[in-house]
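The block underneath contains the structure these notes are about, expressed in C-alpha cells.
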Amino acid sequence: MEYRHLGKSGLKVSEIAYGNWITHGSQVEEEAAVACVRAALDEGITTFDTADVYAGGRAEEVLGRALEGVRRESVEICTKVYWPTGPRPNNAGLSRKHVIETVHTSLRSLRTDYIDLFQAHRYDHETPVEETMRAFDDLVRAGKVLYVGVSEWRAEEIASALRAADDLGLDRIVSNQPQYNMLWRVIEAEVVPLCEKEGLGQIVWSPIAQGVLTGKYTPGAAPPENSRATDPSGSSFMRRLLRDEVLTAVQGLRPIAEEAGLSMAQLAVAWTLQNPNVSAAIVGATRPEQVRENAKAAGVRLDAGLMSRIDEVLGGLVERDPARTASPPSRP
Ligand SMILES: NC(=O)c1ccc[n+]([C@@H]2O[C@H](COP(=O)([O-])OP(=O)(O)OC[C@H]3O[C@@H](n4cnc5c(N)ncnc54)[C@H](OP(=O)(O)O)[C@@H]3O)[C@@H](O)[C@H]2O)c1
C-alpha cells in the first residue's frame, strides 16, 4: 500500500480506502462485511469511510464491530453528517444541533472515542456556513473529531467554508469527497484547481463507477448474479451507468487494461490516483477477493499515451460539467 497526505494536512491516508455504502448492514451479511474489512487491513488499507445514514445507521455499527480489537492508532475512520437520520425537522442538515447529535451517535456506533475525518455529506442551504464551521471547530477542540471535510460541495461552497474559517479563526476543512472516475470528471474544471490552491485533498468515491468499470456488465445481457445491479437498493443508483452505449464503450477499455497488466477494476482505481489532488480512492466491495484485487491499484503509474487512449475510448460519454455537482436546494 502507498499512503498520501490528505491535502496539505499532516494526516496520511491509504491510497486505497475502503467504504461500506450499500454493502454493510444491507446488501451483504455481517460475515462478508467483516471478511472485507480483514482483507482491507491485510492489504495495508488504513482508511475506512462510512456515514451516519448508510443502511439506516447499521453500516457504522458493522464497521465498529469489524474494527474491534484493531489498534485505534493504526486506522483512520471517516464518517459524515447531513442526510436525514430521522423524521424530525432537526434530524438532517448541518445545524449545530444535528452536527453535534450525529457525532455522539456515530461515536457510539463506531465504538470509538474520536473520528479521524468528519465530513459534511452535502452543502446545507438552510444553515449559515459559519454555524457549521463553528460546530466542526468545537468538535475538533473537544477531541471528538480530528479533521473536518466536506463531500460533493461546489467550488464556491468550498470557498465559502474556507472564508468562514479564516475570518473566524476556526479549523479549516482539509478534504472534499466527490464522485470521480473515468466517466464522471465534474470536479476537474473548478473544484480541483481551488482545492490545489487551498491545500485540500480529494478522497473520491465510486472510482469503479459502482462496478461498471470492471466490465462485468455487458450490453444486452442480464447483470451477473449478486452484483449491485441486482440489489434493489443499489440498482437504483446505477441507471445512468447501465445504458448499452456506456457498457459497450467500457468493453473497449479491456485491451488497455491487459496491455498495462492490470484488471479493469485496477485500471479504473489507478486512473483516479493519477490526479495528484486525489489523496485516496474509496472502493466498495462485497467480497474480500474484490478488496484484494482493488488494493493492488496503489502505486500504479499510467503513462500519458495510455491515459489518452482511455479518453478516446470513452469519448463523449465522459461527464465534465461542474454544474452537475449539486446539493439539494432545501434540506431533505
Ligand atoms: N460522499 C458520498 O456522497 C458518497 C456516495 C457514494 C459512495 N461514497 C463512498 O464511496 C465508497 C465507494 O463507493 P462505491 O461502493 O460506489 O464504489 P465502487 O468501488 O465504484 O463500487 C463498488 C462496488 O463495485 C463492485 N466491485 C468492486 N470491486 C470489484 C471487482 N474487483 N470486481 C467486480 N466487482 C467489483 C462491488 O459490487 P457488487 O459485487 O455488488 O457488484 C462493490 O460493492 C462508499 O462505500 C462510500 O464510502 C460516498
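As shown in the C-alpha cells, the chain order sets the letters A, B, ...; within each chain, residues go from 1, and ligands are also counted from 1 in the order they appear.
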- Enumerate, as an MDAnalysis selection string, the complete set of residues in stretch 128-167 of chain A that a backbone-based DSSP assignment places in helix (DSSP H, G or I). chainID A and resid 129:141 155:167
- Item | Test item: residues no farther than 6 Å from ligand 1, counting only C-alpha atoms and all ligand atoms, as a VMD selection string | chain A and resid 19 to 21 49 to 50 121 151 177 205 to 211 214 227 to 228 265 282 to 286 290 293 to 294
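Nearest to A:Glu157 of all the residues A:Asp244, A:Asp137, A:Glu130, A:Glu29 is A:Glu130, based on only C-alpha atoms.
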- Query: Quick one: residues within 10 Å of A:Ile173, only C-alpha atoms counted, chain neighbours fewer than 5 positions away excluded, as a list in words?
  - Reply: Gly7, Ser9, Leu117, Phe118, Gln119, Ala120, Met133, Phe136, Asp137, Tyr147, Val148, Gly149, Val150, Ile158, Ala161, Leu162, Ala165, Glu198, Gly199, Leu200 and Gly201 of chain A
- Task: Find the spatial neighbours of A:Glu60, counting only C-alpha atoms, within a cut-off of 10 Å - ignore same-chain residues fewer than 6 positions away - and output them as a ChimeraX atom specification.
- Result: /A:20-21,24-25,49-54,66,79,105-111
For the residues in that selection, give me all heavy atoms as a compact mmCIF listing (two decimals), in the first residue's frame.
```
# COMPACT_ATOMS: atom_id res chain seq x y z
N ASN A 20 -18.22 1.53 3.00
CA ASN A 20 -19.24 0.48 3.18
C ASN A 20 -20.67 0.92 2.84
O ASN A 20 -21.63 0.34 3.34
CB ASN A 20 -19.14 -0.14 4.58
CG ASN A 20 -19.60 0.79 5.69
OD1 ASN A 20 -19.98 1.93 5.46
ND2 ASN A 20 -19.59 0.28 6.91
N TRP A 21 -20.81 1.89 1.93
CA TRP A 21 -22.15 2.28 1.43
C TRP A 21 -22.78 1.11 0.68
O TRP A 21 -22.07 0.40 -0.03
CB TRP A 21 -21.97 3.47 0.48
CG TRP A 21 -23.19 3.96 -0.22
CD1 TRP A 21 -24.36 4.37 0.35
CD2 TRP A 21 -23.36 4.15 -1.64
NE1 TRP A 21 -25.24 4.80 -0.62
CE2 TRP A 21 -24.65 4.68 -1.85
CE3 TRP A 21 -22.54 3.92 -2.75
CZ2 TRP A 21 -25.14 4.99 -3.12
CZ3 TRP A 21 -23.03 4.23 -4.01
CH2 TRP A 21 -24.32 4.75 -4.20
N HIS A 24 -22.49 -2.87 3.83
CA HIS A 24 -22.60 -3.29 5.23
C HIS A 24 -23.96 -2.93 5.82
O HIS A 24 -24.43 -1.81 5.66
CB HIS A 24 -21.51 -2.63 6.09
CG HIS A 24 -20.13 -3.06 5.74
ND1 HIS A 24 -19.03 -2.73 6.49
CD2 HIS A 24 -19.67 -3.83 4.72
CE1 HIS A 24 -17.95 -3.26 5.94
NE2 HIS A 24 -18.31 -3.92 4.86
N GLY A 25 -24.56 -3.91 6.47
CA GLY A 25 -25.86 -3.66 7.09
C GLY A 25 -27.00 -3.75 6.09
O GLY A 25 -28.16 -3.61 6.46
N ASP A 49 -14.23 4.45 5.28
CA ASP A 49 -15.24 5.51 5.10
C ASP A 49 -16.65 4.95 5.28
O ASP A 49 -16.99 3.90 4.73
CB ASP A 49 -15.11 6.13 3.70
CG ASP A 49 -16.06 7.29 3.52
OD1 ASP A 49 -15.80 8.36 4.10
OD2 ASP A 49 -17.08 7.13 2.81
N THR A 50 -17.45 5.68 6.05
CA THR A 50 -18.84 5.28 6.25
C THR A 50 -19.66 6.56 6.41
O THR A 50 -19.17 7.65 6.14
CB THR A 50 -18.95 4.32 7.46
OG1 THR A 50 -20.30 3.85 7.56
CG2 THR A 50 -18.55 4.99 8.77
N ALA A 51 -20.93 6.43 6.79
CA ALA A 51 -21.75 7.62 7.06
C ALA A 51 -22.84 7.26 8.05
O ALA A 51 -23.25 6.08 8.14
CB ALA A 51 -22.37 8.15 5.77
N ASP A 52 -23.29 8.28 8.76
CA ASP A 52 -24.35 8.06 9.76
C ASP A 52 -25.60 7.44 9.14
O ASP A 52 -26.32 6.70 9.79
CB ASP A 52 -24.71 9.40 10.45
CG ASP A 52 -25.08 10.52 9.45
OD1 ASP A 52 -24.83 10.35 8.23
OD2 ASP A 52 -25.61 11.55 9.91
N VAL A 53 -25.85 7.73 7.85
CA VAL A 53 -27.11 7.27 7.23
C VAL A 53 -27.00 5.94 6.49
O VAL A 53 -28.03 5.39 6.09
CB VAL A 53 -27.67 8.30 6.21
CG1 VAL A 53 -28.29 9.46 6.93
CG2 VAL A 53 -26.65 8.72 5.19
N TYR A 54 -25.81 5.44 6.26
CA TYR A 54 -25.71 4.21 5.48
C TYR A 54 -26.46 3.08 6.20
O TYR A 54 -26.23 2.82 7.38
CB TYR A 54 -24.25 3.79 5.24
CG TYR A 54 -23.45 4.72 4.32
CD1 TYR A 54 -22.08 4.57 4.19
CD2 TYR A 54 -24.06 5.73 3.59
CE1 TYR A 54 -21.33 5.40 3.36
CE2 TYR A 54 -23.32 6.57 2.75
CZ TYR A 54 -21.96 6.40 2.65
OH TYR A 54 -21.23 7.23 1.82
N ALA A 66 -16.49 -4.65 13.21
CA ALA A 66 -15.42 -5.27 12.40
C ALA A 66 -14.04 -4.76 12.81
O ALA A 66 -13.05 -5.47 12.67
CB ALA A 66 -15.66 -5.00 10.92
N THR A 79 -16.41 9.50 8.77
CA THR A 79 -17.86 9.39 8.65
C THR A 79 -18.43 10.75 8.29
O THR A 79 -17.67 11.70 8.03
CB THR A 79 -18.49 8.73 9.88
OG1 THR A 79 -19.86 8.42 9.59
CG2 THR A 79 -18.43 9.60 11.13
N THR A 105 -23.93 9.94 18.21
CA THR A 105 -24.44 8.64 17.75
C THR A 105 -23.34 7.88 17.01
O THR A 105 -23.14 6.67 17.22
CB THR A 105 -25.65 8.84 16.80
OG1 THR A 105 -26.56 9.71 17.44
CG2 THR A 105 -26.33 7.53 16.48
N SER A 106 -22.61 8.58 16.13
CA SER A 106 -21.57 7.90 15.34
C SER A 106 -20.48 7.33 16.25
O SER A 106 -19.99 6.22 16.02
CB SER A 106 -20.94 8.87 14.33
OG SER A 106 -21.89 9.21 13.35
N LEU A 107 -20.09 8.09 17.26
CA LEU A 107 -19.04 7.60 18.17
C LEU A 107 -19.49 6.30 18.85
O LEU A 107 -18.72 5.35 18.97
CB LEU A 107 -18.68 8.66 19.21
CG LEU A 107 -17.91 9.88 18.68
CD1 LEU A 107 -17.79 10.95 19.77
CD2 LEU A 107 -16.53 9.49 18.16
N ARG A 108 -20.77 6.29 19.26
CA ARG A 108 -21.29 5.07 19.91
C ARG A 108 -21.32 3.92 18.92
O ARG A 108 -20.86 2.81 19.20
CB ARG A 108 -22.71 5.31 20.43
CG ARG A 108 -22.78 5.85 21.85
CD ARG A 108 -24.18 5.73 22.44
NE ARG A 108 -25.21 6.37 21.62
CZ ARG A 108 -25.53 7.67 21.69
NH1 ARG A 108 -24.91 8.45 22.55
NH2 ARG A 108 -26.48 8.17 20.92
N SER A 109 -21.84 4.16 17.72
CA SER A 109 -21.97 3.09 16.72
C SER A 109 -20.60 2.56 16.30
O SER A 109 -20.42 1.36 16.13
CB SER A 109 -22.68 3.61 15.47
OG SER A 109 -23.93 4.12 15.81
N LEU A 110 -19.66 3.46 16.14
CA LEU A 110 -18.32 3.07 15.67
C LEU A 110 -17.43 2.55 16.80
O LEU A 110 -16.31 2.10 16.56
CB LEU A 110 -17.64 4.26 14.97
CG LEU A 110 -18.23 4.65 13.61
CD1 LEU A 110 -17.81 6.06 13.20
CD2 LEU A 110 -17.79 3.64 12.53
N ARG A 111 -17.93 2.61 18.02
CA ARG A 111 -17.17 2.13 19.20
C ARG A 111 -15.80 2.79 19.30
O ARG A 111 -14.77 2.10 19.44
CB ARG A 111 -17.02 0.60 19.15
CG ARG A 111 -18.35 -0.09 19.11
CD ARG A 111 -18.22 -1.58 18.93
NE ARG A 111 -19.56 -2.15 18.87
CZ ARG A 111 -19.91 -3.28 19.39
NH1 ARG A 111 -19.04 -4.02 20.03
NH2 ARG A 111 -21.14 -3.71 19.30
```
- Message: I'd like to know which of A:Ser95, A:Leu317, A:Ser327, A:Ile16 is closest to A:Arg4, using only C-alpha atoms.
- Response: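 With only C-alpha atoms as the atom set, the closest residue is A:Ile16.
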- Counting only C-alpha atoms, what is within 7 Å of A:Ala39, bar same-chain residues fewer than 4 positions away, as a list in words? Ala35, Glu43, Pro288, Val291 and Arg292 of chain A
